Amino acid sequence: MKRARFMFASVLVLQLIVLPGAFADSSDAPVQPVTPTTAEQYLERGISRLNAQAPISAIEDMDQAILLSANDARAYLLRAYARDKVTAVIRPGAGKFETYEFVGQCLPRSSSNRNCVRWEQSISDYSQVLNLSTDVRLQLKARIGRGNARYRYGDRDSALADLDEAIRLDPENAFAYFSRGRVRSNRDGEGVRRDWQKAAELYRIQGDFASADDLQQALNGGRLL
């Protein structure tokens, strides 16, 4: 089940529709050459850099956007996405859902563990989104992102709470069910099965047959994460 294992970073970015009238599908957009002067311009260049696989540069752009507009939840969301990409390694030649493989969970948890620091930063940014915005779309993305980040950080209970809320916000979100099933792995086999069955059903309804087939094969073969 290779594709489903590496969905997190790529799917979050592919679902990035947070700027008005743009970036719903900007994976081929070139990096913006113009030096930004406004928060919105930094956001735009940051997204281009994120899609150009330059997450560290994207973080720098989001830092500047936040300096210019400290209450813009979109900048925190984008910075969290970029931080998540930094905490991953690229798999050369991979397919749509195989672009990133996370370095690992924050275990053992300590201030000297670089993975711990990175996930803490992501969690903090996602939390800022939830504090600053009442937009349901941003709330949903932040809940899913923070749930996955908390899982990697080793805080499964909080991760489950976030993903439960994400599913409450959008009961038809296949990725939320997939993510919750992954968090439940090694603890609640029946819960994993229910969530992944639901995710596979939703992916199929939504036309993502590859992800649906991957999940179904994993379930049929008992290969739970």
# chains A, B, ... in the order shown; residues from 1 in each chain; ligands from 1
>>> residues_around(residues="range 181-187 of chain A", least_positions_apart="6", cutoff="8 Å", atoms="only C-alpha atoms", output="VMD selection string")
chain A and resid 148 151 156 159 to 160 193 to 196 224 to 225
>>> closest_residue(among="A:Gly147, A:Gly189, A:Gly46, A:Pro171", to="Arg74 in chain A", atoms="only C-alpha atoms")
A:Gly46
>>> residues_around(residues="range 56-68 of chain A", least_positions_apart="6", cutoff="7 Å", atoms="only C-alpha atoms", output="PyMOL selection string")
chain A and resi 39+42-43+46-47+49-50+75+79+82+86
>>> write_last_selection(atoms="N, CA and C atoms", output="CSV table (one decimal), in the first residue's frame")
chain,number,residue,atom,x,y,z
A,39,ALA,N,2.1,41.3,2.2
A,39,ALA,CA,1.8,39.9,2.7
A,39,ALA,C,1.2,39.0,1.7
A,42,TYR,N,3.9,37.7,-0.6
A,42,TYR,CA,4.7,36.7,0.0
A,42,TYR,C,4.0,35.4,0.0
A,43,LEU,N,2.6,35.4,0.3
A,43,LEU,CA,1.8,34.2,0.3
A,43,LEU,C,1.9,33.6,-1.1
A,46,GLY,N,5.3,32.1,-1.7
A,46,GLY,CA,5.4,31.0,-0.8
A,46,GLY,C,4.8,29.7,-1.4
A,47,ILE,N,3.6,29.9,-1.9
A,47,ILE,CA,2.9,28.7,-2.5
A,47,ILE,C,3.6,28.2,-3.8
A,49,ARG,N,6.8,28.4,-4.3
A,49,ARG,CA,8.0,27.7,-3.8
A,49,ARG,C,7.6,26.4,-3.1
A,50,LEU,N,6.5,26.3,-2.5
A,50,LEU,CA,6.1,25.1,-1.9
A,50,LEU,C,5.8,24.0,-3.0
A,75,ALA,N,-1.3,32.3,6.3
A,75,ALA,CA,0.1,32.3,6.3
A,75,ALA,C,0.6,31.2,7.3
A,79,ARG,N,2.7,27.9,6.3
A,79,ARG,CA,4.0,27.7,6.9
A,79,ARG,C,4.0,26.3,7.6
A,82,ALA,N,4.6,23.8,4.9
A,82,ALA,CA,6.0,23.8,4.5
A,82,ALA,C,6.9,23.1,5.6
A,86,VAL,N,9.5,19.8,5.2
A,86,VAL,CA,10.9,19.8,5.7
A,86,VAL,C,11.2,18.6,6.5
>>> closest_residue(among="A:Lys198, A:Lys85, A:Arg152, A:Lys141", to="Ala174 in chain A", atoms="only C-alpha atoms")
A:Lys198
>>> atom_distance(atom1="CA of Asp135 in chain A", atom2="CA of Asp170 in chain A")
12.9 Å
>>> residues_around(residues="range 117-127 of chain A", least_positions_apart="6", cutoff="8 Å", atoms="only C-alpha atoms", output="ChimeraX atom specification")
/A:76-77,79-81,83-84,87,106,111,142-143,145-146,149-150,152-153
>>> write_last_selection(atoms="C-alpha atoms", output="mmCIF file, in the first residue's frame")
data_model
loop_
_atom_site.group_PDB
_atom_site.id
_atom_site.type_symbol
_atom_site.label_atom_id
_atom_site.label_comp_id
_atom_site.auth_asym_id
_atom_site.auth_seq_id
_atom_site.Cartn_x
_atom_site.Cartn_y
_atom_site.Cartn_z
ATOM 1 C CA TYR A 76 0.287 30.030 9.392
ATOM 2 C CA LEU A 77 -1.416 27.205 7.510
ATOM 3 C CA ARG A 79 3.993 27.653 6.949
ATOM 4 C CA ALA A 80 2.787 24.536 8.726
ATOM 5 C CA TYR A 81 2.515 22.720 5.377
ATOM 6 C CA ARG A 83 7.361 22.684 7.891
ATOM 7 C CA ASP A 84 5.762 19.289 7.307
ATOM 8 C CA THR A 87 10.297 16.909 8.027
ATOM 9 C CA CYS A 106 9.240 12.306 17.652
ATOM 10 C CA SER A 111 14.271 19.077 22.990
ATOM 11 C CA ALA A 142 -5.781 22.820 10.264
ATOM 12 C CA ARG A 143 -7.513 19.996 12.150
ATOM 13 C CA GLY A 145 -2.819 18.876 9.552
ATOM 14 C CA ARG A 146 -2.506 19.163 13.324
ATOM 15 C CA ALA A 149 1.466 16.328 13.112
ATOM 16 C CA ARG A 150 0.409 15.279 16.615
ATOM 17 C CA ARG A 152 4.052 12.061 14.274
ATOM 18 C CA TYR A 153 4.865 13.891 17.499
#
>>> atom_distance(atom1="CA of Glu190 in chain A", atom2="CA of Asp157 in chain A")
17.0 Å
